[in-house]
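A.B. asks: Structure file start.cif (mmCIF, C-alpha atoms) right here:
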data_target
#
loop_
_atom_site.label_atom_id
_atom_site.label_comp_id
_atom_site.auth_asym_id
_atom_site.auth_seq_id
_atom_site.Cartn_x
_atom_site.Cartn_y
_atom_site.Cartn_z
CA MET A 1 0.00 0.00 0.00
CA SER A 2 1.46 3.34 -0.98
CA GLU A 3 2.06 6.17 1.44
CA LEU A 4 -0.80 8.14 -0.11
CA SER A 5 -3.57 5.57 0.16
CA ARG A 6 -2.76 4.59 3.72
CA PRO A 7 -5.61 5.21 6.21
CA VAL A 8 -5.22 8.43 8.16
CA SER A 9 -3.11 8.16 11.30
CA GLY A 10 -4.50 4.72 12.14
CA VAL A 11 -7.60 6.18 13.79
CA GLU A 12 -10.62 3.98 13.22
CA GLY A 13 -14.17 3.25 14.30
CA PRO A 14 -15.86 5.50 16.83
CA ALA A 15 -13.00 8.03 16.93
CA ARG A 16 -13.39 8.56 13.19
CA ASP A 17 -17.16 8.97 13.55
CA ASP A 18 -16.54 11.55 16.25
CA GLU A 19 -14.20 13.49 14.03
CA LEU A 20 -16.72 13.42 11.19
CA SER A 21 -19.50 14.57 13.55
CA LEU A 22 -17.27 17.42 14.66
CA ILE A 23 -16.60 18.44 11.05
CA PHE A 24 -20.31 18.47 10.24
CA MET A 25 -20.99 20.54 13.34
CA CYS A 26 -18.31 23.13 12.56
CA CYS A 27 -19.48 23.41 8.93
CA HIS A 28 -23.19 23.66 9.81
CA PRO A 29 -25.05 25.99 7.43
CA ALA A 30 -26.69 27.75 10.42
CA LEU A 31 -23.26 29.18 11.33
CA ASP A 32 -21.89 32.36 9.79
CA ILE A 33 -19.96 31.43 6.66
CA ASN A 34 -17.01 33.52 7.89
CA ALA A 35 -16.87 31.49 11.08
CA ARG A 36 -17.00 27.99 9.57
CA VAL A 37 -13.45 27.84 8.19
CA PRO A 38 -11.84 29.33 11.33
CA LEU A 39 -13.93 27.11 13.61
CA THR A 40 -12.96 24.01 11.65
CA LEU A 41 -9.30 25.00 11.84
CA ARG A 42 -9.58 25.61 15.58
CA SER A 43 -11.75 22.66 16.67
CA VAL A 44 -10.95 19.95 14.11
CA CYS A 45 -7.38 20.78 13.11
CA GLY A 46 -6.25 22.21 16.45
CA LEU A 47 -4.67 25.40 15.07
CA THR A 48 -4.22 28.20 17.57
CA THR A 49 -6.45 31.26 17.41
CA SER A 50 -3.40 33.40 16.78
CA ALA A 51 -2.32 31.30 13.77
CA ILE A 52 -5.85 31.45 12.33
CA ALA A 53 -5.97 35.22 12.84
CA THR A 54 -2.69 35.51 10.90
CA VAL A 55 -4.14 33.55 7.97
CA PHE A 56 -7.27 35.73 7.80
CA LEU A 57 -5.31 38.95 8.34
CA VAL A 58 -7.40 40.05 11.33
CA PRO A 59 -6.34 40.90 14.89
CA GLU A 60 -6.29 37.92 17.25
CA ALA A 61 -9.01 39.48 19.44
CA THR A 62 -11.34 39.75 16.43
CA MET A 63 -10.81 36.11 15.54
CA ALA A 64 -11.26 35.03 19.17
CA GLN A 65 -14.58 36.88 19.27
CA ARG A 66 -15.75 35.25 16.03
CA LEU A 67 -14.92 31.80 17.42
CA VAL A 68 -16.64 32.48 20.76
CA ARG A 69 -19.78 33.68 18.98
CA ALA A 70 -19.90 30.54 16.81
CA LYS A 71 -19.38 28.22 19.79
CA ARG A 72 -22.09 30.02 21.73
CA LYS A 73 -24.53 29.54 18.88
CA ILE A 74 -23.69 25.84 18.68
CA ARG A 75 -24.49 25.52 22.38
CA ASP A 76 -27.53 27.82 22.65
CA ALA A 77 -29.30 26.89 19.40
CA ARG A 78 -28.21 23.28 19.92
CA ILE A 79 -26.49 22.60 16.61
CA PRO A 80 -26.07 18.83 16.68
CA PHE A 81 -22.83 16.87 16.96
CA ARG A 82 -23.82 14.16 14.53
CA ILE A 83 -23.31 12.78 11.02
CA PRO A 84 -26.47 13.91 9.16
CA PRO A 85 -29.01 11.24 8.16
CA LYS A 86 -28.81 9.83 4.61
CA ASP A 87 -31.50 12.08 3.11
CA ALA A 88 -29.79 15.27 4.35
CA LEU A 89 -26.25 14.07 3.68
CA PRO A 90 -25.63 15.26 0.08
CA ALA A 91 -26.61 18.88 0.86
CA ARG A 92 -24.71 18.94 4.14
CA LEU A 93 -21.67 17.27 2.58
CA HIS A 94 -21.63 20.04 -0.01
CA ASP A 95 -21.26 22.61 2.81
CA VAL A 96 -18.45 20.59 4.40
CA LEU A 97 -16.54 20.13 1.14
CA ARG A 98 -16.72 23.86 0.54
CA VAL A 99 -15.13 24.56 3.93
CA VAL A 100 -12.35 22.04 3.29
CA TYR A 101 -11.77 23.57 -0.13
CA LEU A 102 -11.54 27.04 1.44
CA VAL A 103 -9.05 25.78 4.04
CA TYR A 104 -6.87 24.63 1.15
CA THR A 105 -7.20 27.82 -0.91
CA GLU A 106 -6.32 29.91 2.15
CA GLY A 107 -3.12 27.90 2.41
CA HIS A 108 -2.47 27.87 -1.33
CA ARG A 109 -3.02 31.60 -1.82
CA VAL A 110 0.20 33.39 -2.53
CA SER A 111 -0.16 36.26 -0.09
CA GLN A 112 1.34 37.46 3.13
CA GLY A 113 1.42 35.26 6.20
CA PRO A 114 4.06 32.86 7.41
CA GLU A 115 4.80 30.11 4.88
CA LEU A 116 4.80 27.49 7.62
CA VAL A 117 1.21 28.20 8.67
CA ARG A 118 0.03 28.18 5.08
CA ALA A 119 1.70 24.86 4.29
CA ASP A 120 0.03 23.49 7.41
CA LEU A 121 -3.39 24.58 6.10
CA CYS A 122 -2.81 22.72 2.82
CA GLU A 123 -1.86 19.59 4.73
CA GLN A 124 -4.85 19.87 7.05
CA ALA A 125 -7.24 20.32 4.11
CA ILE A 126 -5.86 17.22 2.40
CA ARG A 127 -6.17 15.26 5.64
CA LEU A 128 -9.81 16.34 6.05
CA ALA A 129 -10.61 15.52 2.42
CA ARG A 130 -9.10 12.08 2.98
CA VAL A 131 -11.23 11.49 6.08
CA LEU A 132 -14.38 12.47 4.14
CA HIS A 133 -13.44 10.30 1.16
CA GLU A 134 -12.72 7.26 3.31
CA LEU A 135 -15.86 7.57 5.42
CA LEU A 136 -18.17 8.43 2.54
CA PRO A 137 -16.82 6.32 -0.33
CA ASP A 138 -20.14 6.46 -2.20
CA GLU A 139 -20.01 10.25 -2.47
CA PRO A 140 -17.93 10.91 -5.60
CA GLU A 141 -17.69 14.63 -4.83
CA ALA A 142 -15.74 13.82 -1.64
CA THR A 143 -13.38 11.70 -3.74
CA GLY A 144 -13.27 14.47 -6.33
CA LEU A 145 -12.22 17.03 -3.74
CA LEU A 146 -9.44 14.80 -2.41
CA ALA A 147 -8.22 14.25 -5.98
CA LEU A 148 -8.36 17.98 -6.72
CA LEU A 149 -6.36 18.89 -3.62
CA LEU A 150 -3.73 16.17 -4.21
CA LEU A 151 -3.29 17.21 -7.84
CA THR A 152 -3.09 20.92 -7.06
CA ASP A 153 -0.76 20.35 -4.15
CA ALA A 154 1.52 18.16 -6.25
CA ARG A 155 2.31 21.20 -8.41
CA ARG A 156 2.98 23.51 -5.46
CA PRO A 157 6.81 23.19 -5.60
CA GLY A 158 6.79 24.60 -9.15
CA ARG A 159 4.51 27.57 -8.57
CA VAL A 160 6.99 29.98 -7.07
CA ASP A 161 10.68 30.35 -7.99
CA ASP A 162 13.58 30.68 -5.57
CA GLN A 163 13.04 34.46 -5.38
CA GLY A 164 9.37 33.99 -4.45
CA HIS A 165 8.09 35.07 -7.89
CA ILE A 166 5.03 33.43 -9.44
CA VAL A 167 5.85 31.08 -12.31
CA LEU A 168 3.20 30.56 -14.99
CA LEU A 169 2.00 27.00 -15.52
CA ALA A 170 3.58 26.97 -19.00
CA ASP A 171 7.00 27.94 -17.59
CA GLN A 172 7.03 25.70 -14.53
CA ASP A 173 9.74 23.11 -14.07
CA ARG A 174 7.55 20.01 -14.21
CA SER A 175 10.27 17.81 -12.75
CA ARG A 176 9.61 19.58 -9.44
CA TRP A 177 6.04 18.29 -9.38
CA ASN A 178 5.24 15.40 -7.06
CA ARG A 179 4.71 12.45 -9.44
CA ALA A 180 3.43 9.94 -6.87
CA GLN A 181 0.82 12.40 -5.69
CA ILE A 182 -0.26 13.16 -9.28
CA GLU A 183 -0.72 9.42 -9.92
CA ALA A 184 -2.76 9.01 -6.74
CA GLY A 185 -4.93 12.02 -7.61
CA SER A 186 -5.49 10.89 -11.21
CA ALA A 187 -6.55 7.41 -10.07
CA LEU A 188 -9.01 8.93 -7.59
CA VAL A 189 -10.63 11.24 -10.13
CA GLU A 190 -11.04 8.35 -12.55
CA ALA A 191 -12.70 6.23 -9.86
CA ALA A 192 -15.00 9.11 -8.91
CA LEU A 193 -16.07 9.90 -12.49
CA ALA A 194 -16.78 6.19 -13.05
CA GLN A 195 -19.68 6.53 -10.59
CA ARG A 196 -21.36 8.77 -13.20
CA LYS A 197 -22.48 11.45 -10.74
CA PRO A 198 -20.24 14.32 -11.90
CA GLY A 199 -19.94 17.47 -9.82
CA THR A 200 -17.84 20.58 -9.54
CA TYR A 201 -14.92 19.04 -7.59
CA GLN A 202 -14.66 15.98 -9.84
CA LEU A 203 -14.60 18.16 -12.94
CA GLN A 204 -12.04 20.56 -11.48
CA ALA A 205 -9.96 17.52 -10.53
CA ALA A 206 -10.29 16.16 -14.08
CA ILE A 207 -8.90 19.46 -15.41
CA ALA A 208 -6.07 19.40 -12.86
CA ALA A 209 -5.26 15.81 -13.89
CA LEU A 210 -5.05 16.79 -17.57
CA HIS A 211 -2.60 19.56 -16.68
CA SER A 212 -0.56 17.46 -14.27
CA THR A 213 -0.03 14.47 -16.54
CA ALA A 214 0.97 16.52 -19.60
CA PRO A 215 4.73 16.58 -20.33
CA SER A 216 4.60 20.29 -21.26
CA SER A 217 2.17 23.14 -21.87
CA HIS A 218 2.06 22.66 -25.64
CA GLU A 219 1.60 18.91 -25.28
CA THR A 220 -1.44 19.46 -23.05
CA ASP A 221 -4.84 18.34 -24.32
CA TRP A 222 -6.30 21.87 -24.30
CA ARG A 223 -9.29 20.84 -26.39
CA GLU A 224 -10.30 18.32 -23.72
CA ILE A 225 -9.65 20.87 -20.96
CA ALA A 226 -11.88 23.42 -22.75
CA ALA A 227 -14.59 20.74 -23.04
CA VAL A 228 -14.40 19.89 -19.32
CA TYR A 229 -14.64 23.60 -18.46
CA GLY A 230 -17.78 23.69 -20.63
CA GLU A 231 -19.19 20.83 -18.53
CA LEU A 232 -18.09 22.55 -15.31
CA ILE A 233 -20.06 25.68 -16.24
CA ARG A 234 -23.23 23.58 -16.26
CA HIS A 235 -22.58 22.65 -12.61
CA GLU A 236 -21.16 25.99 -11.54
CA PRO A 237 -22.37 28.78 -13.82
CA SER A 238 -19.81 31.49 -13.09
CA PRO A 239 -17.99 34.04 -15.26
CA VAL A 240 -14.70 33.03 -13.61
CA VAL A 241 -15.11 29.47 -14.92
CA GLU A 242 -15.97 30.94 -18.34
CA ALA A 243 -12.75 32.99 -18.22
CA ASN A 244 -10.76 29.83 -17.53
CA ARG A 245 -12.50 28.12 -20.42
CA ALA A 246 -11.50 31.05 -22.64
CA VAL A 247 -7.84 30.50 -21.79
CA ALA A 248 -8.12 26.81 -22.69
CA VAL A 249 -9.94 27.67 -25.93
CA ALA A 250 -7.13 30.12 -26.76
CA MET A 251 -4.60 27.31 -26.34
CA ALA A 252 -6.66 24.86 -28.43
CA GLU A 253 -7.90 27.13 -31.21
CA GLY A 254 -5.64 30.16 -31.09
CA PRO A 255 -5.53 33.38 -29.06
CA ALA A 256 -8.20 35.17 -31.13
CA ALA A 257 -10.85 32.57 -30.23
CA GLY A 258 -10.10 32.97 -26.51
CA LEU A 259 -10.02 36.75 -26.69
CA VAL A 260 -13.57 36.88 -28.09
CA ILE A 261 -14.84 35.07 -24.96
CA LEU A 262 -12.82 37.25 -22.56
CA ASP A 263 -13.97 40.47 -24.24
CA THR A 264 -17.59 39.33 -23.95
CA LEU A 265 -17.06 38.84 -20.19
CA ARG A 266 -16.10 42.52 -19.82
CA ALA A 267 -19.79 43.38 -20.17
CA ASN A 268 -20.14 42.08 -16.61
CA PRO A 269 -18.99 45.04 -14.43
CA GLN A 270 -17.75 42.76 -11.67
CA MET A 271 -15.60 40.81 -14.12
CA ASP A 272 -14.29 44.04 -15.64
CA ARG A 273 -12.93 44.93 -12.19
CA TRP A 274 -11.17 41.56 -11.84
CA PRO A 275 -7.42 42.04 -12.48
CA GLN A 276 -6.96 38.44 -13.65
CA LEU A 277 -9.34 39.01 -16.58
CA HIS A 278 -7.16 41.81 -17.89
CA MET A 279 -3.98 39.81 -17.28
CA ALA A 280 -5.42 36.99 -19.38
CA ARG A 281 -6.49 39.44 -22.10
CA ALA A 282 -3.05 41.04 -22.08
CA ASP A 283 -1.42 37.65 -22.53
CA LEU A 284 -3.59 36.80 -25.55
CA LEU A 285 -3.13 40.26 -27.06
CA GLU A 286 0.61 39.84 -26.70
CA ARG A 287 0.45 36.54 -28.52
CA LEU A 288 -1.54 38.22 -31.31
CA ASP A 289 1.32 40.74 -31.45
CA ARG A 290 -1.04 43.58 -30.48
CA ARG A 291 1.55 45.00 -28.10
CA ARG A 292 -0.03 48.40 -27.59
CA ASP A 293 -3.38 46.78 -26.62
CA ALA A 294 -1.55 44.27 -24.43
CA ALA A 295 0.26 47.03 -22.54
CA GLU A 296 -3.05 48.83 -22.11
CA ALA A 297 -4.62 45.67 -20.61
CA TYR A 298 -1.69 45.17 -18.23
CA ARG A 299 -2.02 48.79 -17.06
CA LEU A 300 -5.73 48.27 -16.51
CA ALA A 301 -4.94 45.20 -14.37
CA LEU A 302 -2.45 47.22 -12.32
CA GLN A 303 -5.02 49.95 -11.67
CA LEU A 304 -7.32 47.32 -10.14
CA GLU A 305 -4.82 46.72 -7.34
CA PRO A 306 -4.00 43.03 -7.68
CA PRO A 307 -2.13 41.24 -4.85
CA GLU A 308 1.54 42.21 -4.40
CA VAL A 309 3.04 39.12 -6.08
CA GLU A 310 0.89 39.63 -9.16
CA ARG A 311 1.68 43.33 -9.28
CA GLU A 312 5.32 42.43 -9.52
CA PHE A 313 4.56 39.87 -12.27
CA ILE A 314 2.56 42.38 -14.33
CA ALA A 315 5.26 45.03 -14.00
CA ARG A 316 7.81 42.54 -15.34
CA ARG A 317 5.63 41.66 -18.34
CA LEU A 318 4.91 45.30 -19.02
CA ARG A 319 8.63 46.08 -19.07
CA GLY A 320 9.08 43.21 -21.55
CA ILE A 321 6.55 44.66 -24.01
CA THR A 322 7.37 48.32 -23.82
CA ARG A 323 11.12 47.85 -23.91
CA MET B 324 -35.17 22.39 23.56
CA ARG B 325 -38.02 24.74 22.72
CA TYR B 326 -37.79 26.73 19.49
CA LEU B 327 -40.00 29.68 18.61
CA CYS B 328 -40.45 29.68 14.84
CA LEU B 329 -41.51 33.10 13.54
CA VAL B 330 -43.21 32.85 10.16
CA TYR B 331 -42.80 35.71 7.69
CA PRO B 332 -44.92 35.11 4.62
CA THR B 333 -43.95 37.29 1.65
CA GLU B 334 -47.45 38.35 0.80
CA GLU B 335 -50.98 38.28 2.14
CA PHE B 336 -51.46 34.67 3.13
CA GLY B 337 -54.92 33.09 3.16
CA PRO B 338 -55.84 31.16 5.02
CA THR B 339 -57.78 29.36 2.37
CA ALA B 340 -59.65 26.19 3.29
CA GLU B 341 -56.89 24.20 1.63
CA GLN B 342 -54.14 25.96 3.64
CA ALA B 343 -56.08 25.40 6.85
CA ARG B 344 -56.37 21.68 6.07
CA ALA B 345 -52.63 21.54 5.30
CA PHE B 346 -51.84 23.16 8.63
CA LEU B 347 -54.08 20.73 10.53
CA GLY B 348 -52.19 17.89 8.83
CA PHE B 349 -48.85 19.40 9.91
CA ARG B 350 -50.11 19.85 13.48
CA ALA B 351 -51.37 16.28 13.68
CA SER B 352 -48.05 14.78 12.61
CA ALA B 353 -46.02 17.16 14.83
CA GLN B 354 -48.24 16.26 17.78
CA GLN B 355 -47.87 12.58 17.05
CA ALA B 356 -44.07 13.01 17.00
CA GLY B 357 -44.30 14.80 20.34
CA VAL B 358 -42.67 18.03 19.14
CA TYR B 359 -45.71 20.32 18.86
CA LEU B 360 -46.33 22.84 21.67
CA ASP B 361 -48.25 25.78 20.23
CA ALA B 362 -48.96 27.77 17.09
CA GLY B 363 -50.90 30.85 16.09
CA ARG B 364 -51.75 33.06 13.17
CA LEU B 365 -51.59 36.80 13.63
CA GLN B 366 -54.21 39.28 12.46
CA PRO B 367 -52.76 41.71 9.88
CA ALA B 368 -50.13 44.22 11.09
CA ASP B 369 -52.57 47.16 10.88
CA THR B 370 -54.42 45.70 13.88
CA ALA B 371 -51.27 45.96 16.03
CA THR B 372 -50.81 48.28 19.01
CA THR B 373 -47.36 49.03 20.39
CA LEU B 374 -46.74 49.99 24.01
CA ARG B 375 -43.54 51.85 24.83
CA ASP B 376 -42.26 52.64 28.29
CA HIS B 377 -40.80 56.12 28.70
CA ALA B 378 -39.41 56.34 32.24
CA GLY B 379 -42.38 54.57 33.75
CA GLU B 380 -44.95 56.25 31.50
CA TYR B 381 -46.67 54.06 28.95
CA VAL B 382 -47.25 55.45 25.50
CA LEU B 383 -49.43 53.58 23.05
CA THR B 384 -49.02 53.89 19.29
CA ASP B 385 -50.97 52.40 16.44
CA GLY B 386 -49.16 49.86 14.32
CA PRO B 387 -46.37 47.29 14.68
CA PHE B 388 -43.12 47.94 16.56
CA ALA B 389 -41.06 48.01 13.38
CA GLU B 390 -42.38 48.98 9.97
CA ILE B 391 -40.74 46.49 7.65
CA LYS B 392 -41.88 44.99 4.39
CA GLU B 393 -42.14 41.47 5.71
CA GLN B 394 -44.44 41.41 8.71
CA LEU B 395 -44.72 38.56 11.17
CA GLY B 396 -47.64 36.37 10.07
CA GLY B 397 -47.63 33.62 12.67
CA TYR B 398 -45.59 31.42 14.94
CA VAL B 399 -45.05 27.82 15.93
CA VAL B 400 -43.43 26.61 19.14
CA LEU B 401 -41.72 23.24 18.81
CA ASP B 402 -39.92 21.08 21.34
CA CYS B 403 -37.06 19.40 19.47
CA ALA B 404 -33.88 17.54 20.27
CA ASP B 405 -31.72 19.94 18.26
CA LEU B 406 -31.69 22.59 15.56
CA ASP B 407 -31.64 20.04 12.72
CA GLU B 408 -34.88 18.48 13.96
CA ALA B 409 -36.51 21.92 14.25
CA VAL B 410 -35.36 22.81 10.73
CA ALA B 411 -36.78 19.56 9.37
CA TRP B 412 -40.21 20.32 10.88
CA VAL B 413 -40.21 23.96 9.79
CA ALA B 414 -39.42 22.87 6.24
CA LYS B 415 -42.70 20.92 6.29
CA LEU B 416 -44.72 23.88 7.54
CA PRO B 417 -47.37 24.78 4.94
CA GLY B 418 -47.70 28.37 3.72
CA VAL B 419 -44.06 29.43 3.92
CA ARG B 420 -43.28 29.00 0.22
CA ASP B 421 -41.29 32.06 -0.91
CA GLY B 422 -41.44 33.36 2.66
CA ALA B 423 -39.04 32.94 5.57
CA VAL B 424 -39.09 31.45 9.06
CA GLU B 425 -36.79 32.64 11.83
CA ILE B 426 -35.98 29.82 14.25
CA ARG B 427 -35.06 31.05 17.74
CA PRO B 428 -34.18 28.83 20.67
CA LEU B 429 -35.99 29.77 23.88
CA MET B 430 -34.03 30.27 27.07
CA GLU B 431 -34.79 27.65 29.67
CA LEU B 432 -35.79 29.37 32.90
CA ARG B 433 -34.40 27.79 36.03
CA ALA B 434 -36.01 28.59 39.34
#
Can you dump the structure from the file as structure tokens?
C.D. replies:
Amino acid sequence: MSELSRPVSGVEGPARDDELSLIFMCCHPALDINARVPLTLRSVCGLTTSAIATVFLVPEATMAQRLVRAKRKIRDARIPFRIPPKDALPARLHDVLRVVYLVYTEGHRVSQGPELVRADLCEQAIRLARVLHELLPDEPEATGLLALLLLTDARRPGRVDDQGHIVLLADQDRSRWNRAQIEAGSALVEAALAQRKPGTYQLQAAIAALHSTAPSSHETDWREIAAVYGELIRHEPSPVVEANRAVAVAMAEGPAAGLVILDTLRANPQMDRWPQLHMARADLLERLDRRRDAAEAYRLALQLEPPEVEREFIARRLRGITR
Amino acid sequence: MRYLCLVYPTEEFGPTAEQARAFLGFRASAQQAGVYLDAGRLQPADTATTLRDHAGEYVLTDGPFAEIKEQLGGYVVLDCADLDEAVAWVAKLPGVRDGAVEIRPLMELRA
């Protein structure tokens, strides 16, 4: 049995049921959404309040208050410590998977905060996803989430260079990716999809698997990735997913085809204020050799105050064009 | 634990004969399950009178305490093991389609 498919920390039976009950309690939809992730980190993962406050960029006292309020509601409104009955399970599981996903993205986000704490969040999220997958093997979305986290995490060593700069997927050193973890994740997503109950995590995992198993960016099956994004939109109709599809379409059919989709998305005011949209447009414009338009798009992205690491990335690209 | 469930229908709500029958059905099953304590429908908000205490002096005004679009239409008091059980019963309550129900635990008074 490989390291990755080994049961978690040898805990079995009633202890595992208790942990699952605790997860469902901390992720209860009657709790404030902003309290569920911190409460799960505190009560299930055992992180300190001060570490959690660091992750969420709030003062420790603020986080302590949020946790106290959530615990008081659990006690006074009597939110149960229990695995939900079968008929309520799919909906409740959805809430839990979302919290676990958010724990991971908090850790994965390239932003301020001590690296050690953030790596710990990624590990905790994977551990929780594994618990959910092992206890609820007939719920393919739980398997899908575990696969997604393993596949994303496997690429973590390639995401940032030695100076702490973001490296684009196309430019990443793929030998730094964790092969064993990619294999484990790919096998899980296949097993999940075989149950023929697709969902947002399984589809995102399928996309991650296509990226992770490709030898290079230009040898990636972009047509298939664009198709899976199309399927994902049916489960999660969001302009951000559509923007990702546009990037895949650009790789499969050429930058002009992707640009048409991205430009259409600008009609949505919220999307037009999203720096990443303009970064993606700039990249396609550059590839079409429309350098003036590309520079304009990069400047627009900068005006929208993207996170520090991205600001630095855009500035570098901008220097490259205007030189 | 006792939960007071405050029902806020979105618009003028019957009761039609059919809605009344549906409520009686709900009450019968909640009683049989041993969770039903009380319920009531309120007359429309324009029948309300609000009493305010100003330093020991009572002042009466016409109308509900707060003028909001959604007015309280009724209530149900349930005795349930936990919030999930209360939610499951409230979800079966007839006449709340497109409306909302606020579920509030009652404090247990200890003598």
A.B. asks: Residues of chain A were defined as contacting chain B if any atom lay at most 12 Å from it, counting all atoms listed in the file; please report them as a VMD selection string.
C.D. replies: chain A and resid 24 to 25 28 to 31 73 to 85 87 to 88 92
A.B. asks: Would you save the residues from that selection as a CSV table (one decimal), in the frame of the given file, using C-alpha atoms?
C.D. replies:
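Done, and the output landed in selection_37.csv:
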chain,number,residue,atom,x,y,z
A,24,PHE,CA,-20.3,18.5,10.2
A,25,MET,CA,-21.0,20.5,13.3
A,28,HIS,CA,-23.2,23.7,9.8
A,29,PRO,CA,-25.0,26.0,7.4
A,30,ALA,CA,-26.7,27.8,10.4
A,31,LEU,CA,-23.3,29.2,11.3
A,73,LYS,CA,-24.5,29.5,18.9
A,74,ILE,CA,-23.7,25.8,18.7
A,75,ARG,CA,-24.5,25.5,22.4
A,76,ASP,CA,-27.5,27.8,22.6
A,77,ALA,CA,-29.3,26.9,19.4
A,78,ARG,CA,-28.2,23.3,19.9
A,79,ILE,CA,-26.5,22.6,16.6
A,80,PRO,CA,-26.1,18.8,16.7
A,81,PHE,CA,-22.8,16.9,17.0
A,82,ARG,CA,-23.8,14.2,14.5
A,83,ILE,CA,-23.3,12.8,11.0
A,84,PRO,CA,-26.5,13.9,9.2
A,85,PRO,CA,-29.0,11.2,8.2
A,87,ASP,CA,-31.5,12.1,3.1
A,88,ALA,CA,-29.8,15.3,4.4
A,92,ARG,CA,-24.7,18.9,4.1
A.B. asks: Could the centre and edge lengths of an axis-aligned box, enclosing all atoms of region 28-43 of chain A in the file with 6 Å extra on each side, be given in Å to one decimal as AutoDock Vina command-line options?
C.D. replies:
--center_x -18.0 --center_y 28.1 --center_z 11.7 --size_x 29.4 --size_y 22.9 --size_z 22.0
A.B. asks: Show me, as a PyMOL selection string, the residues that have an atom within 8 Å of Glu425 (chain B) when counting only C-alpha atoms, minus same-chain residues fewer than 4 positions from it.
C.D. replies: chain B and resi 328-331
A.B. asks: I want to know what sits within 9 Å of region 236-239 of chain A, based on all atoms listed in the file, with residues of the same chain fewer than 5 positions away left out; could you give that as a PyMOL selection string?
C.D. replies: chain A and resi 199-200+231+244+265+268+271
A.B. asks: Just write the chosen residues, C-alpha atoms, as a short mmCIF file (atom, residue, chain, number, x, y, z; two decimals), keeping the file's coordinate frame.
C.D. replies:
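And here is the file that came out, part26.cif:
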data_model
loop_
_atom_site.label_atom_id
_atom_site.label_comp_id
_atom_site.auth_asym_id
_atom_site.auth_seq_id
_atom_site.Cartn_x
_atom_site.Cartn_y
_atom_site.Cartn_z
CA GLY A 199 -19.94 17.47 -9.82
CA THR A 200 -17.84 20.58 -9.54
CA GLU A 231 -19.19 20.83 -18.53
CA ASN A 244 -10.76 29.83 -17.53
CA LEU A 265 -17.06 38.84 -20.19
CA ASN A 268 -20.14 42.08 -16.61
CA MET A 271 -15.60 40.81 -14.12
#
A.B. asks: Could you please give me, as a CSV table (one decimal) with C-alpha atoms, in the coordinates of the input, the residues of protein, DNA or RNA lying at most 9 Å from (-2.8, 20.0, -4.8) in the coordinate frame of the file, considering all atoms listed in the file?
C.D. replies:
chain,number,residue,atom,x,y,z
A,104,TYR,CA,-6.9,24.6,1.2
A,108,HIS,CA,-2.5,27.9,-1.3
A,122,CYS,CA,-2.8,22.7,2.8
A,126,ILE,CA,-5.9,17.2,2.4
A,146,LEU,CA,-9.4,14.8,-2.4
A,147,ALA,CA,-8.2,14.2,-6.0
A,148,LEU,CA,-8.4,18.0,-6.7
A,149,LEU,CA,-6.4,18.9,-3.6
A,150,LEU,CA,-3.7,16.2,-4.2
A,151,LEU,CA,-3.3,17.2,-7.8
A,152,THR,CA,-3.1,20.9,-7.1
A,153,ASP,CA,-0.8,20.4,-4.2
A,154,ALA,CA,1.5,18.2,-6.2
A,155,ARG,CA,2.3,21.2,-8.4
A,156,ARG,CA,3.0,23.5,-5.5
A,181,GLN,CA,0.8,12.4,-5.7
A,182,ILE,CA,-0.3,13.2,-9.3
A,185,GLY,CA,-4.9,12.0,-7.6
A,208,ALA,CA,-6.1,19.4,-12.9
A.B. asks: The PyMOL selection byres ((chain B and resi 366) around 12) - which residues does that actually catch in the file I just gave you? List them as a PyMOL selection string.
C.D. replies: chain B and resi 335-338+363-365+367-372+386-387+394-398
A.B. asks: Got time to write the residues from that selection, C-alpha atoms, as a CSV table (one decimal), in the coordinates of the input?
C.D. replies:
chain,number,residue,atom,x,y,z
B,335,GLU,CA,-51.0,38.3,2.1
B,336,PHE,CA,-51.5,34.7,3.1
B,337,GLY,CA,-54.9,33.1,3.2
B,338,PRO,CA,-55.8,31.2,5.0
B,363,GLY,CA,-50.9,30.8,16.1
B,364,ARG,CA,-51.8,33.1,13.2
B,365,LEU,CA,-51.6,36.8,13.6
B,367,PRO,CA,-52.8,41.7,9.9
B,368,ALA,CA,-50.1,44.2,11.1
B,369,ASP,CA,-52.6,47.2,10.9
B,370,THR,CA,-54.4,45.7,13.9
B,371,ALA,CA,-51.3,46.0,16.0
B,372,THR,CA,-50.8,48.3,19.0
B,386,GLY,CA,-49.2,49.9,14.3
B,387,PRO,CA,-46.4,47.3,14.7
B,394,GLN,CA,-44.4,41.4,8.7
B,395,LEU,CA,-44.7,38.6,11.2
B,396,GLY,CA,-47.6,36.4,10.1
B,397,GLY,CA,-47.6,33.6,12.7
B,398,TYR,CA,-45.6,31.4,14.9
A.B. asks: Taking 2 positions as the minimum chain separation for residues in the same chain, which residues sit within 12 Å of Asp171 (chain A) when counting only C-alpha atoms? Answer as a CSV table (one decimal) with C-alpha atoms, in the frame of the given file.
C.D. replies:
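Output saved as result_31.csv:
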chain,number,residue,atom,x,y,z
A,158,GLY,CA,6.8,24.6,-9.2
A,159,ARG,CA,4.5,27.6,-8.6
A,160,VAL,CA,7.0,30.0,-7.1
A,161,ASP,CA,10.7,30.4,-8.0
A,166,ILE,CA,5.0,33.4,-9.4
A,167,VAL,CA,5.8,31.1,-12.3
A,168,LEU,CA,3.2,30.6,-15.0
A,169,LEU,CA,2.0,27.0,-15.5
A,173,ASP,CA,9.7,23.1,-14.1
A,174,ARG,CA,7.6,20.0,-14.2
A,175,SER,CA,10.3,17.8,-12.8
A,176,ARG,CA,9.6,19.6,-9.4
A,215,PRO,CA,4.7,16.6,-20.3
A,216,SER,CA,4.6,20.3,-21.3
A,217,SER,CA,2.2,23.1,-21.9
A,218,HIS,CA,2.1,22.7,-25.6
